[in-house]
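Take a look at the structure below.
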Amino acid sequence: MKAVKIASPGGLERLQVVEIADPGQPRAGEIRVRLQASSLNFHDFGVVSGRMPTEDGRIPMSDGAGVVEAVGAGVTEFGVGDQVVSCFFPQWADGPPPVADFSGTPGDGTDGYACEVAVRPVSWFTRAPKGYSPAEAATLTTAGLTAWRALVVDGGLKAGDTVLTLGTGGVSIFAVQLAIAMGAQVIATSSSDDKLSRLREMGASHTINYRTEPDWGARVRELTGGRGVDHVVEVGGPGTLPQSITACRVGGHISLIGVLTGASGEVPTAALMARQQRLQGLIVGSRAMQMDFVRALEVTGIRPLIDRSFALDQIADAFRHEESGAHFGKIVLEI
C-alpha cells in the first residue's frame, strides 16, 4: 500500500511516498480502517519539517478519517462500514490529562495516518459525525477538539459570553464556529482585511487588524465597554500573550494553545495576577471529549471550513501552503 515516510533529519523535500506492506487483518480488540483523509496541523508541520525530530521512516499525520473494513474479535463498538476518526492521544480515554509529551501520538511518537490502511486498537478511534465527508471528519482530531476543549470543557462556555480568537487557522476558525453556535459573541483578529471580512460573514461581531492596531488588547476592552472578553483562544504564544491578558476580563479564561510566536518568552505575571485570570495550557483532549464533541457537532450542524484539498502524494505542497499562511480554515489531504 502507499504511504508517506519522513527521512531524517526531516524537511519537506525529504518526504517520501513509498510502497509498504499491507498491515493485514485486525487482531482481537483492533479494527482495520481504510483511510480516506487527513488534515494538516502546526504540530504535523513541526514533525515533517524536522523542528520536532522523530524516528527515521516515521509515517506522519495525527489526523485520520476513514471507513472500517474489518473488526477483530471482541470488538462491538464499531462494525464494517462505519465512518471513524482518529484520536490524538490514544492512551487518554477520559479524566485528567495523563500525558505531557507526544510519545504515543500518531504521526510523532508512533506511525500516523499518511497511508492507505491502518490497523489499530479500537480505542484509537471514535465514530465520525453522521453526514460528514471523510475530509470534514479528518479536521476534528486535533484542531476541532482543541477548540472544543478550550471553550467548552475547560472554559465552560455559555450563551452570552464573549470570545476572542486570534488568526484564521484551524483551531481559531473552529472556535469562532463553536462560540457562535452556542450563543456567544466573537471578536476576531487577523492581519488580512480580506480574512477579517470573511470572519464577519461567519458571524463575528467585531474584527481587528492586529497590524494596523498593534495595541489590540486595549481595542478589545473598548469593544466590550471596558470589561474585556470572557475567553481568549490564545494560539500565538509569548508574542501575543501580553495583549491577550489586556483583552481578557477580570477573572476570565485564557486557553494557551499555540506557540506560533515562539516556545518561550516574558509573561506579564503582575497583570495576570492583578486581573485574577486563569491561564491554562492545553494540548488537544481525551477520547471521551472527542465523543462529546462529535455529538455536539451533530446537534449544532457545524461543518468544518476546508480551505483546500491535496492528494496524498502532494503532501509537501500542502505543507508549503500551510507555511505560507494564506489558508483560511483547514488544509486536507485526500487519500
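Just remember, in the C-alpha cells the first chain shown is A, the second B, etc., residues are 1-based per chain, and ligands are 1-based in the order shown.
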Determine, for each residue of range 119-139 of chain A having at least one atom at most 6 Å from an atom of range 33-47 of chain A, the closest pair of atoms and their separation in Å to one decimal, counting only C-alpha atoms; order by chain and ascending number, as JSON lines.
```
{"residue": "A:Pro134", "atom": "CA", "partner": "A:Ala37", "partner_atom": "CA", "distance": 5.6}
{"residue": "A:Ala135", "atom": "CA", "partner": "A:Ala37", "partner_atom": "CA", "distance": 5.2}
{"residue": "A:Ala138", "atom": "CA", "partner": "A:Ser38", "partner_atom": "CA", "distance": 5.0}
{"residue": "A:Thr139", "atom": "CA", "partner": "A:Ser39", "partner_atom": "CA", "distance": 5.6}
```
So that I have them on file, write out the residues from the current selection with all heavy atoms, as a PDB file, in the first residue's frame.
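Dumped everything to part-v4.pdb:
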```pdb
ATOM      1  N   PRO A 134     -15.328  12.287   4.677  1.00  0.00           N
ATOM      2  CA  PRO A 134     -14.050  11.960   5.325  1.00  0.00           C
ATOM      3  C   PRO A 134     -13.161  13.184   5.510  1.00  0.00           C
ATOM      4  O   PRO A 134     -12.486  13.316   6.538  1.00  0.00           O
ATOM      5  CB  PRO A 134     -13.426  10.948   4.367  1.00  0.00           C
ATOM      6  CG  PRO A 134     -14.592  10.293   3.698  1.00  0.00           C
ATOM      7  CD  PRO A 134     -15.605  11.392   3.530  1.00  0.00           C
ATOM      8  N   ALA A 135     -13.129  14.082   4.539  1.00  0.00           N
ATOM      9  CA  ALA A 135     -12.308  15.293   4.659  1.00  0.00           C
ATOM     10  C   ALA A 135     -12.770  16.141   5.825  1.00  0.00           C
ATOM     11  O   ALA A 135     -11.947  16.687   6.582  1.00  0.00           O
ATOM     12  CB  ALA A 135     -12.364  16.089   3.355  1.00  0.00           C
ATOM     13  N   ALA A 138     -11.810  14.473   9.141  1.00  0.00           N
ATOM     14  CA  ALA A 138     -10.372  14.490   9.409  1.00  0.00           C
ATOM     15  C   ALA A 138      -9.904  15.774  10.073  1.00  0.00           C
ATOM     16  O   ALA A 138      -8.783  15.833  10.574  1.00  0.00           O
ATOM     17  CB  ALA A 138      -9.605  14.276   8.100  1.00  0.00           C
ATOM     18  N   THR A 139     -10.732  16.789  10.103  1.00  0.00           N
ATOM     19  CA  THR A 139     -10.333  18.055  10.735  1.00  0.00           C
ATOM     20  C   THR A 139     -10.591  18.077  12.241  1.00  0.00           C
ATOM     21  O   THR A 139     -10.216  19.039  12.916  1.00  0.00           O
ATOM     22  CB  THR A 139     -11.092  19.245  10.109  1.00  0.00           C
ATOM     23  OG1 THR A 139     -12.489  19.145  10.444  1.00  0.00           O
ATOM     24  CG2 THR A 139     -10.944  19.272   8.596  1.00  0.00           C
TER      25      THR A 139
END
```
### Query
What is the distance, in Å and to one decimal place, between CA of Ala270 in chain A and CA of Ile245 in chain A?
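One can read the CA of Ala270 in chain A to CA of Ile245 in chain A distance as 10.4 Å.
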Tell me, as a PDB file with N, CA, C and O atoms, in the first residue's frame, which residues lie within 9 Å of Gly79 in chain A, counting only C-alpha atoms; anything in the same chain fewer than 5 positions away does not count.
```pdb
ATOM      1  N   ILE A  31      -9.262  -2.728  14.911  1.00  0.00           N
ATOM      2  CA  ILE A  31     -10.054  -2.511  13.703  1.00  0.00           C
ATOM      3  C   ILE A  31      -9.110  -2.183  12.548  1.00  0.00           C
ATOM      4  O   ILE A  31      -8.030  -1.636  12.744  1.00  0.00           O
ATOM      5  N   VAL A  68     -14.320   1.641   8.392  1.00  0.00           N
ATOM      6  CA  VAL A  68     -13.904   0.366   8.976  1.00  0.00           C
ATOM      7  C   VAL A  68     -14.099  -0.747   7.948  1.00  0.00           C
ATOM      8  O   VAL A  68     -15.193  -0.940   7.423  1.00  0.00           O
ATOM      9  N   GLU A  69     -13.014  -1.481   7.661  1.00  0.00           N
ATOM     10  CA  GLU A  69     -13.070  -2.587   6.705  1.00  0.00           C
ATOM     11  C   GLU A  69     -13.214  -3.946   7.383  1.00  0.00           C
ATOM     12  O   GLU A  69     -13.740  -4.888   6.788  1.00  0.00           O
ATOM     13  N   ALA A  70     -12.726  -4.055   8.621  1.00  0.00           N
ATOM     14  CA  ALA A  70     -12.804  -5.326   9.350  1.00  0.00           C
ATOM     15  C   ALA A  70     -12.630  -5.038  10.830  1.00  0.00           C
ATOM     16  O   ALA A  70     -11.997  -4.048  11.220  1.00  0.00           O
ATOM     17  N   VAL A  71     -13.192  -5.901  11.669  1.00  0.00           N
ATOM     18  CA  VAL A  71     -13.048  -5.758  13.114  1.00  0.00           C
ATOM     19  C   VAL A  71     -12.508  -7.061  13.686  1.00  0.00           C
ATOM     20  O   VAL A  71     -12.819  -8.151  13.200  1.00  0.00           O
TER      21      VAL A  71
END
```
From a backbone DSSP assignment, name each residue in range 85-282 of chain A labelled strand (DSSP E), as a short mmCIF file (atom, residue, chain, number, x, y, z; two decimals) with all heavy atoms, in the first residue's frame.
```cif
data_model
loop_
_atom_site.label_atom_id
_atom_site.label_comp_id
_atom_site.auth_asym_id
_atom_site.auth_seq_id
_atom_site.Cartn_x
_atom_site.Cartn_y
_atom_site.Cartn_z
N VAL A 85 -12.95 8.40 13.01
CA VAL A 85 -11.91 9.42 13.01
C VAL A 85 -10.97 9.14 14.17
O VAL A 85 -11.38 8.67 15.24
CB VAL A 85 -12.53 10.84 13.10
CG1 VAL A 85 -13.37 11.01 14.34
CG2 VAL A 85 -11.45 11.91 13.02
N SER A 86 -9.69 9.40 13.96
CA SER A 86 -8.65 9.04 14.91
C SER A 86 -8.63 9.93 16.15
O SER A 86 -9.18 11.03 16.15
CB SER A 86 -7.28 9.10 14.23
OG SER A 86 -6.98 10.44 13.87
N VAL A 117 -4.10 2.34 4.64
CA VAL A 117 -4.77 1.45 5.58
C VAL A 117 -4.04 1.48 6.92
O VAL A 117 -2.81 1.55 6.97
CB VAL A 117 -4.81 -0.01 5.05
CG1 VAL A 117 -5.45 -0.94 6.08
CG2 VAL A 117 -5.56 -0.09 3.74
N ALA A 118 -4.80 1.42 8.01
CA ALA A 118 -4.21 1.31 9.34
C ALA A 118 -4.97 0.26 10.14
O ALA A 118 -6.21 0.20 10.07
CB ALA A 118 -4.25 2.66 10.07
N VAL A 119 -4.25 -0.54 10.88
CA VAL A 119 -4.84 -1.48 11.83
C VAL A 119 -4.42 -1.02 13.22
O VAL A 119 -3.23 -0.99 13.54
CB VAL A 119 -4.39 -2.93 11.57
CG1 VAL A 119 -4.92 -3.86 12.65
CG2 VAL A 119 -4.88 -3.39 10.19
N ARG A 120 -5.40 -0.67 14.05
CA ARG A 120 -5.12 -0.09 15.36
C ARG A 120 -6.13 -0.61 16.38
O ARG A 120 -7.22 -1.06 16.03
CB ARG A 120 -5.25 1.44 15.31
CG ARG A 120 -4.31 2.15 14.34
CD ARG A 120 -2.88 2.18 14.87
NE ARG A 120 -2.05 3.08 14.07
CZ ARG A 120 -1.40 2.73 12.96
NH1 ARG A 120 -1.51 1.48 12.53
NH2 ARG A 120 -0.66 3.60 12.31
N PRO A 121 -5.80 -0.50 17.68
CA PRO A 121 -6.79 -0.83 18.72
C PRO A 121 -8.04 0.02 18.56
O PRO A 121 -7.98 1.18 18.10
CB PRO A 121 -6.05 -0.48 20.01
CG PRO A 121 -4.60 -0.63 19.67
CD PRO A 121 -4.48 -0.14 18.25
N PHE A 125 -9.81 5.25 17.88
CA PHE A 125 -10.77 5.95 17.02
C PHE A 125 -12.07 6.22 17.76
O PHE A 125 -12.38 5.55 18.75
CB PHE A 125 -11.08 5.12 15.77
CG PHE A 125 -9.97 5.03 14.76
CD1 PHE A 125 -8.98 4.06 14.89
CD2 PHE A 125 -9.90 5.90 13.69
CE1 PHE A 125 -7.94 3.97 13.98
CE2 PHE A 125 -8.88 5.82 12.76
CZ PHE A 125 -7.89 4.85 12.90
N THR A 126 -12.82 7.20 17.27
CA THR A 126 -14.22 7.37 17.63
C THR A 126 -15.01 7.37 16.32
O THR A 126 -14.44 7.47 15.23
CB THR A 126 -14.49 8.70 18.38
OG1 THR A 126 -14.37 9.80 17.45
CG2 THR A 126 -13.54 8.88 19.54
N ARG A 127 -16.32 7.30 16.43
CA ARG A 127 -17.11 7.42 15.21
C ARG A 127 -17.06 8.87 14.73
O ARG A 127 -16.86 9.80 15.51
CB ARG A 127 -18.55 6.96 15.43
CG ARG A 127 -19.38 7.85 16.32
CD ARG A 127 -20.82 7.31 16.43
NE ARG A 127 -21.67 8.18 17.23
CZ ARG A 127 -22.32 9.23 16.76
NH1 ARG A 127 -22.20 9.57 15.49
NH2 ARG A 127 -23.07 9.97 17.55
N THR A 162 -18.39 36.31 25.70
CA THR A 162 -17.65 36.90 24.60
C THR A 162 -16.32 36.19 24.46
O THR A 162 -15.62 35.95 25.45
CB THR A 162 -17.40 38.40 24.83
OG1 THR A 162 -18.65 39.06 25.06
CG2 THR A 162 -16.73 39.04 23.63
N VAL A 163 -15.97 35.83 23.22
CA VAL A 163 -14.78 35.04 22.92
C VAL A 163 -13.88 35.84 21.99
O VAL A 163 -14.34 36.41 20.99
CB VAL A 163 -15.16 33.70 22.26
CG1 VAL A 163 -13.92 32.93 21.81
CG2 VAL A 163 -16.01 32.86 23.21
N LEU A 164 -12.57 35.85 22.28
CA LEU A 164 -11.57 36.45 21.40
C LEU A 164 -10.78 35.35 20.73
O LEU A 164 -10.24 34.46 21.40
CB LEU A 164 -10.63 37.36 22.20
CG LEU A 164 -9.41 37.91 21.44
CD1 LEU A 164 -9.85 38.84 20.32
CD2 LEU A 164 -8.46 38.63 22.39
N THR A 165 -10.70 35.38 19.40
CA THR A 165 -9.90 34.42 18.65
C THR A 165 -8.80 35.16 17.90
O THR A 165 -8.97 36.32 17.51
CB THR A 165 -10.75 33.62 17.65
OG1 THR A 165 -11.33 34.51 16.68
CG2 THR A 165 -11.86 32.87 18.36
N LEU A 166 -7.67 34.49 17.70
CA LEU A 166 -6.52 35.08 17.04
C LEU A 166 -6.24 34.34 15.73
O LEU A 166 -6.00 33.13 15.74
CB LEU A 166 -5.28 35.01 17.93
CG LEU A 166 -5.43 35.48 19.39
CD1 LEU A 166 -4.08 35.41 20.09
CD2 LEU A 166 -6.01 36.88 19.46
N GLN A 185 -20.70 35.79 21.66
CA GLN A 185 -20.23 36.78 20.69
C GLN A 185 -18.74 36.57 20.45
O GLN A 185 -18.02 36.14 21.34
CB GLN A 185 -20.47 38.20 21.20
CG GLN A 185 -21.95 38.61 21.20
CD GLN A 185 -22.10 40.10 21.47
OE1 GLN A 185 -21.41 40.65 22.31
NE2 GLN A 185 -23.00 40.74 20.75
N VAL A 186 -18.30 36.93 19.25
CA VAL A 186 -16.91 36.71 18.87
C VAL A 186 -16.26 38.02 18.44
O VAL A 186 -16.83 38.78 17.66
CB VAL A 186 -16.80 35.69 17.72
CG1 VAL A 186 -15.37 35.62 17.18
CG2 VAL A 186 -17.25 34.30 18.18
N ILE A 187 -15.06 38.23 18.96
CA ILE A 187 -14.16 39.26 18.46
C ILE A 187 -12.96 38.52 17.88
O ILE A 187 -12.38 37.66 18.55
CB ILE A 187 -13.71 40.24 19.56
CG1 ILE A 187 -14.92 40.94 20.18
CG2 ILE A 187 -12.73 41.26 19.01
CD1 ILE A 187 -14.59 41.81 21.39
N ALA A 188 -12.60 38.82 16.64
CA ALA A 188 -11.56 38.05 15.95
C ALA A 188 -10.49 38.98 15.40
O ALA A 188 -10.78 40.09 14.97
CB ALA A 188 -12.17 37.22 14.83
N THR A 189 -9.26 38.50 15.41
CA THR A 189 -8.14 39.27 14.86
C THR A 189 -7.54 38.56 13.66
O THR A 189 -7.62 37.33 13.53
CB THR A 189 -7.03 39.49 15.90
OG1 THR A 189 -6.33 38.25 16.12
CG2 THR A 189 -7.58 40.01 17.21
N SER A 190 -6.91 39.34 12.79
CA SER A 190 -6.14 38.82 11.67
C SER A 190 -5.31 39.98 11.13
O SER A 190 -5.59 41.14 11.43
CB SER A 190 -7.06 38.28 10.56
OG SER A 190 -6.32 37.93 9.39
N HIS A 206 -17.14 41.62 15.94
CA HIS A 206 -16.13 42.65 15.72
C HIS A 206 -14.86 41.99 15.21
O HIS A 206 -14.54 40.85 15.59
CB HIS A 206 -15.81 43.41 17.01
CG HIS A 206 -16.99 44.06 17.66
ND1 HIS A 206 -17.57 45.22 17.18
CD2 HIS A 206 -17.71 43.69 18.75
CE1 HIS A 206 -18.59 45.55 17.95
NE2 HIS A 206 -18.70 44.63 18.91
N THR A 207 -14.12 42.69 14.37
CA THR A 207 -12.83 42.20 13.89
C THR A 207 -11.79 43.30 14.03
O THR A 207 -12.11 44.48 13.97
CB THR A 207 -12.91 41.74 12.42
OG1 THR A 207 -13.38 42.83 11.61
CG2 THR A 207 -13.85 40.55 12.27
N ILE A 208 -10.53 42.87 14.22
CA ILE A 208 -9.43 43.80 14.42
C ILE A 208 -8.23 43.35 13.58
O ILE A 208 -7.83 42.18 13.65
CB ILE A 208 -9.00 43.85 15.91
CG1 ILE A 208 -10.17 44.25 16.80
CG2 ILE A 208 -7.82 44.81 16.10
CD1 ILE A 208 -9.88 44.06 18.29
N ASN A 209 -7.67 44.28 12.81
CA ASN A 209 -6.43 44.01 12.10
C ASN A 209 -5.28 44.32 13.05
O ASN A 209 -5.04 45.47 13.39
CB ASN A 209 -6.33 44.86 10.83
CG ASN A 209 -5.13 44.47 9.97
OD1 ASN A 209 -4.03 44.26 10.46
ND2 ASN A 209 -5.35 44.38 8.66
N VAL A 229 -13.05 40.36 27.37
CA VAL A 229 -13.74 39.14 26.95
C VAL A 229 -13.69 38.08 28.04
O VAL A 229 -12.82 38.10 28.91
CB VAL A 229 -13.14 38.57 25.64
CG1 VAL A 229 -13.33 39.55 24.49
CG2 VAL A 229 -11.67 38.22 25.82
N ASP A 230 -14.62 37.15 27.96
CA ASP A 230 -14.66 36.04 28.92
C ASP A 230 -13.62 34.97 28.62
O ASP A 230 -13.08 34.34 29.52
CB ASP A 230 -16.05 35.39 28.93
CG ASP A 230 -17.13 36.38 29.32
OD1 ASP A 230 -17.20 36.73 30.51
OD2 ASP A 230 -17.89 36.81 28.43
N HIS A 231 -13.35 34.76 27.32
CA HIS A 231 -12.45 33.68 26.89
C HIS A 231 -11.52 34.20 25.80
O HIS A 231 -11.96 34.91 24.90
CB HIS A 231 -13.24 32.50 26.29
CG HIS A 231 -14.36 32.01 27.13
ND1 HIS A 231 -14.21 31.02 28.08
CD2 HIS A 231 -15.67 32.38 27.17
CE1 HIS A 231 -15.39 30.79 28.67
NE2 HIS A 231 -16.28 31.60 28.13
N VAL A 232 -10.26 33.80 25.89
CA VAL A 232 -9.30 34.06 24.82
C VAL A 232 -8.76 32.72 24.34
O VAL A 232 -8.28 31.91 25.15
CB VAL A 232 -8.13 34.95 25.28
CG1 VAL A 232 -7.18 35.21 24.09
CG2 VAL A 232 -8.62 36.26 25.87
N VAL A 233 -8.85 32.48 23.03
CA VAL A 233 -8.25 31.29 22.43
C VAL A 233 -6.89 31.73 21.91
O VAL A 233 -6.76 32.27 20.81
CB VAL A 233 -9.14 30.71 21.31
CG1 VAL A 233 -8.50 29.45 20.72
CG2 VAL A 233 -10.53 30.38 21.87
N GLU A 234 -5.86 31.53 22.72
CA GLU A 234 -4.52 32.10 22.53
C GLU A 234 -3.64 31.11 21.78
O GLU A 234 -3.10 30.17 22.35
CB GLU A 234 -3.94 32.46 23.90
CG GLU A 234 -2.48 32.86 23.94
CD GLU A 234 -2.12 33.96 22.99
OE1 GLU A 234 -2.37 35.15 23.30
OE2 GLU A 234 -1.58 33.64 21.91
N CYS A 248 -8.55 40.28 28.14
CA CYS A 248 -9.40 39.37 28.91
C CYS A 248 -9.93 40.07 30.17
O CYS A 248 -9.25 40.87 30.79
CB CYS A 248 -8.59 38.14 29.30
SG CYS A 248 -9.55 36.79 30.02
N ARG A 249 -11.15 39.75 30.54
CA ARG A 249 -11.78 40.38 31.70
C ARG A 249 -11.15 39.91 33.00
O ARG A 249 -10.43 38.90 33.05
CB ARG A 249 -13.27 40.08 31.73
CG ARG A 249 -13.63 38.62 32.04
CD ARG A 249 -15.11 38.49 32.38
NE ARG A 249 -15.54 37.11 32.49
CZ ARG A 249 -15.42 36.36 33.58
NH1 ARG A 249 -14.83 36.85 34.67
NH2 ARG A 249 -15.87 35.11 33.59
N VAL A 250 -11.43 40.62 34.07
CA VAL A 250 -11.04 40.19 35.41
C VAL A 250 -11.69 38.83 35.68
O VAL A 250 -12.91 38.67 35.51
CB VAL A 250 -11.48 41.22 36.47
CG1 VAL A 250 -11.21 40.68 37.88
CG2 VAL A 250 -10.77 42.55 36.27
N GLY A 251 -10.89 37.85 36.05
CA GLY A 251 -11.41 36.52 36.31
C GLY A 251 -11.70 35.71 35.07
O GLY A 251 -12.29 34.64 35.15
N GLY A 252 -11.25 36.20 33.91
CA GLY A 252 -11.53 35.49 32.66
C GLY A 252 -10.59 34.32 32.43
O GLY A 252 -9.70 34.02 33.22
N HIS A 253 -10.78 33.65 31.29
CA HIS A 253 -10.09 32.40 30.99
C HIS A 253 -9.31 32.55 29.69
O HIS A 253 -9.86 32.93 28.66
CB HIS A 253 -11.12 31.27 30.84
CG HIS A 253 -10.54 29.95 30.44
ND1 HIS A 253 -11.01 29.23 29.36
CD2 HIS A 253 -9.53 29.22 30.96
CE1 HIS A 253 -10.32 28.11 29.25
NE2 HIS A 253 -9.41 28.09 30.21
N ILE A 254 -8.01 32.25 29.75
CA ILE A 254 -7.14 32.27 28.58
C ILE A 254 -6.65 30.86 28.32
O ILE A 254 -5.97 30.26 29.16
CB ILE A 254 -5.94 33.22 28.77
CG1 ILE A 254 -6.41 34.63 29.11
CG2 ILE A 254 -5.05 33.23 27.53
CD1 ILE A 254 -5.29 35.58 29.49
N SER A 255 -6.98 30.31 27.17
CA SER A 255 -6.52 28.98 26.77
C SER A 255 -5.23 29.13 25.98
O SER A 255 -5.25 29.67 24.87
CB SER A 255 -7.57 28.27 25.91
OG SER A 255 -8.75 28.06 26.63
N LEU A 256 -4.12 28.68 26.54
CA LEU A 256 -2.83 28.79 25.88
C LEU A 256 -2.60 27.54 25.05
O LEU A 256 -2.32 26.46 25.57
CB LEU A 256 -1.72 28.95 26.92
CG LEU A 256 -0.30 29.18 26.38
CD1 LEU A 256 -0.25 30.41 25.50
CD2 LEU A 256 0.69 29.28 27.52
N ARG A 278 -7.39 33.11 34.65
CA ARG A 278 -6.95 31.71 34.62
C ARG A 278 -6.27 31.45 33.28
O ARG A 278 -6.92 31.44 32.24
CB ARG A 278 -8.16 30.79 34.81
CG ARG A 278 -7.82 29.30 34.75
CD ARG A 278 -8.91 28.46 35.38
NE ARG A 278 -10.21 28.72 34.81
CZ ARG A 278 -10.84 27.90 33.95
NH1 ARG A 278 -10.26 26.79 33.55
NH2 ARG A 278 -12.03 28.21 33.50
N LEU A 279 -4.96 31.24 33.32
CA LEU A 279 -4.18 30.92 32.13
C LEU A 279 -3.93 29.43 32.13
O LEU A 279 -3.26 28.91 33.01
CB LEU A 279 -2.86 31.68 32.15
CG LEU A 279 -1.86 31.38 31.03
CD1 LEU A 279 -2.43 31.74 29.67
CD2 LEU A 279 -0.54 32.11 31.29
N GLN A 280 -4.50 28.73 31.14
CA GLN A 280 -4.44 27.27 31.13
C GLN A 280 -3.84 26.76 29.83
O GLN A 280 -4.36 27.01 28.75
CB GLN A 280 -5.84 26.67 31.33
CG GLN A 280 -5.81 25.15 31.38
CD GLN A 280 -7.14 24.58 31.85
OE1 GLN A 280 -8.07 25.32 32.16
NE2 GLN A 280 -7.22 23.27 31.90
N GLY A 281 -2.72 26.05 29.96
CA GLY A 281 -2.16 25.37 28.80
C GLY A 281 -2.93 24.11 28.51
O GLY A 281 -3.41 23.43 29.42
#
```
Would you give me, as JSON lines, each residue of range 147-210 of chain A having an atom within 9 Å of an atom of range 299-314 of chain A, along with its shortest atom pair and that distance in Å to one decimal, using only C-alpha atoms and sorting by chain and residue number?
```
{"residue": "A:Gly170", "atom": "CA", "partner": "A:Leu305", "partner_atom": "CA", "distance": 8.2}
{"residue": "A:Ile173", "atom": "CA", "partner": "A:Leu305", "partner_atom": "CA", "distance": 7.6}
{"residue": "A:Phe174", "atom": "CA", "partner": "A:Pro304", "partner_atom": "CA", "distance": 7.2}
{"residue": "A:Gln177", "atom": "CA", "partner": "A:Ile302", "partner_atom": "CA", "distance": 7.0}
{"residue": "A:Leu178", "atom": "CA", "partner": "A:Ile302", "partner_atom": "CA", "distance": 7.6}
{"residue": "A:Ala181", "atom": "CA", "partner": "A:Thr300", "partner_atom": "CA", "distance": 6.5}
{"residue": "A:Met182", "atom": "CA", "partner": "A:Thr300", "partner_atom": "CA", "distance": 8.2}
```
Can you spit out the residues from that selection as a PDB file, in the first residue's frame, using N, CA, C and O atoms?
```pdb
ATOM      1  N   GLY A 170      -6.908  26.577  11.787  1.00  0.00           N
ATOM      2  CA  GLY A 170      -7.955  25.602  12.063  1.00  0.00           C
ATOM      3  C   GLY A 170      -8.585  25.729  13.431  1.00  0.00           C
ATOM      4  O   GLY A 170      -9.819  25.704  13.571  1.00  0.00           O
ATOM      5  N   ILE A 173     -10.722  29.079  13.670  1.00  0.00           N
ATOM      6  CA  ILE A 173     -11.980  29.032  12.912  1.00  0.00           C
ATOM      7  C   ILE A 173     -12.993  28.132  13.611  1.00  0.00           C
ATOM      8  O   ILE A 173     -14.179  28.471  13.718  1.00  0.00           O
ATOM      9  N   PHE A 174     -12.560  26.987  14.112  1.00  0.00           N
ATOM     10  CA  PHE A 174     -13.465  26.131  14.879  1.00  0.00           C
ATOM     11  C   PHE A 174     -13.993  26.863  16.108  1.00  0.00           C
ATOM     12  O   PHE A 174     -15.167  26.745  16.471  1.00  0.00           O
ATOM     13  N   GLN A 177     -16.757  29.196  15.113  1.00  0.00           N
ATOM     14  CA  GLN A 177     -17.987  28.455  14.809  1.00  0.00           C
ATOM     15  C   GLN A 177     -18.673  27.950  16.079  1.00  0.00           C
ATOM     16  O   GLN A 177     -19.900  28.058  16.219  1.00  0.00           O
ATOM     17  N   LEU A 178     -17.892  27.390  16.990  1.00  0.00           N
ATOM     18  CA  LEU A 178     -18.463  26.858  18.228  1.00  0.00           C
ATOM     19  C   LEU A 178     -19.067  27.971  19.077  1.00  0.00           C
ATOM     20  O   LEU A 178     -20.171  27.831  19.604  1.00  0.00           O
ATOM     21  N   ALA A 181     -22.322  29.215  17.502  1.00  0.00           N
ATOM     22  CA  ALA A 181     -23.375  28.193  17.596  1.00  0.00           C
ATOM     23  C   ALA A 181     -23.926  28.075  19.006  1.00  0.00           C
ATOM     24  O   ALA A 181     -25.102  27.726  19.192  1.00  0.00           O
ATOM     25  N   MET A 182     -23.115  28.385  20.015  1.00  0.00           N
ATOM     26  CA  MET A 182     -23.538  28.244  21.403  1.00  0.00           C
ATOM     27  C   MET A 182     -24.002  29.561  22.016  1.00  0.00           C
ATOM     28  O   MET A 182     -24.160  29.671  23.231  1.00  0.00           O
TER      29      MET A 182
END
```
### Query
What gap, in Å, lies between CA of Gly285 in chain A and CA of Cys87 in chain A?
8.6 Å
### Task
Please provide the set of residues having any atom within 7 Å of Ser8 in chain A, restricted to only C-alpha atoms, with same-chain residues fewer than 2 positions apart removed, written as a PyMOL selection string.
chain A and resi 6+10+56
### Task
Could you check which of A:Ile257, A:Thr224, A:Ala128, A:Lys195 is closest to Ala296 in chain A, using only C-alpha atoms?
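Among the listed residues, A:Ala128 lies closest to Ala296 in chain A.
The residue set within 9 Å of Val17 in chain A, counting only C-alpha atoms and dropping same-chain residues fewer than 2 places from it, reads Lys2, Ala3, Val4, Lys5, Leu15, Glu19, Leu312 and Asp313 of chain A.
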### Message
Can you measure CA of Asp317 in chain A to CA of Val332 in chain A for me? One decimal in Å is fine.
### Response
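Calculated distance between CA of Asp317 in chain A and CA of Val332 in chain A is 11.4 Å.
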### Query
Would you give me, as a ChimeraX atom specification, the residues in range 164-233 of chain A that DSSP reads as alpha helix (DSSP H)?
/A:170-181,193-202,216-223
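Distance annotation: of A:Leu241, A:Lys130, A:Ala175, A:Val284, the residue with the minimal separation from Thr269 in chain A is A:Leu241; atom set is only C-alpha atoms.
If only C-alpha atoms are the atoms counted, then among A:Pro129, A:Gly225, A:Gly167, A:Gly217 the closest residue to Val84 in chain A is A:Pro129.
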#### Entry: 7 Å contact set for range 94-103 of chain A, only C-alpha atoms, chain neighbours under 2 positions out, as a PyMOL selection string
chain A and resi 92+105+108-109+286-288
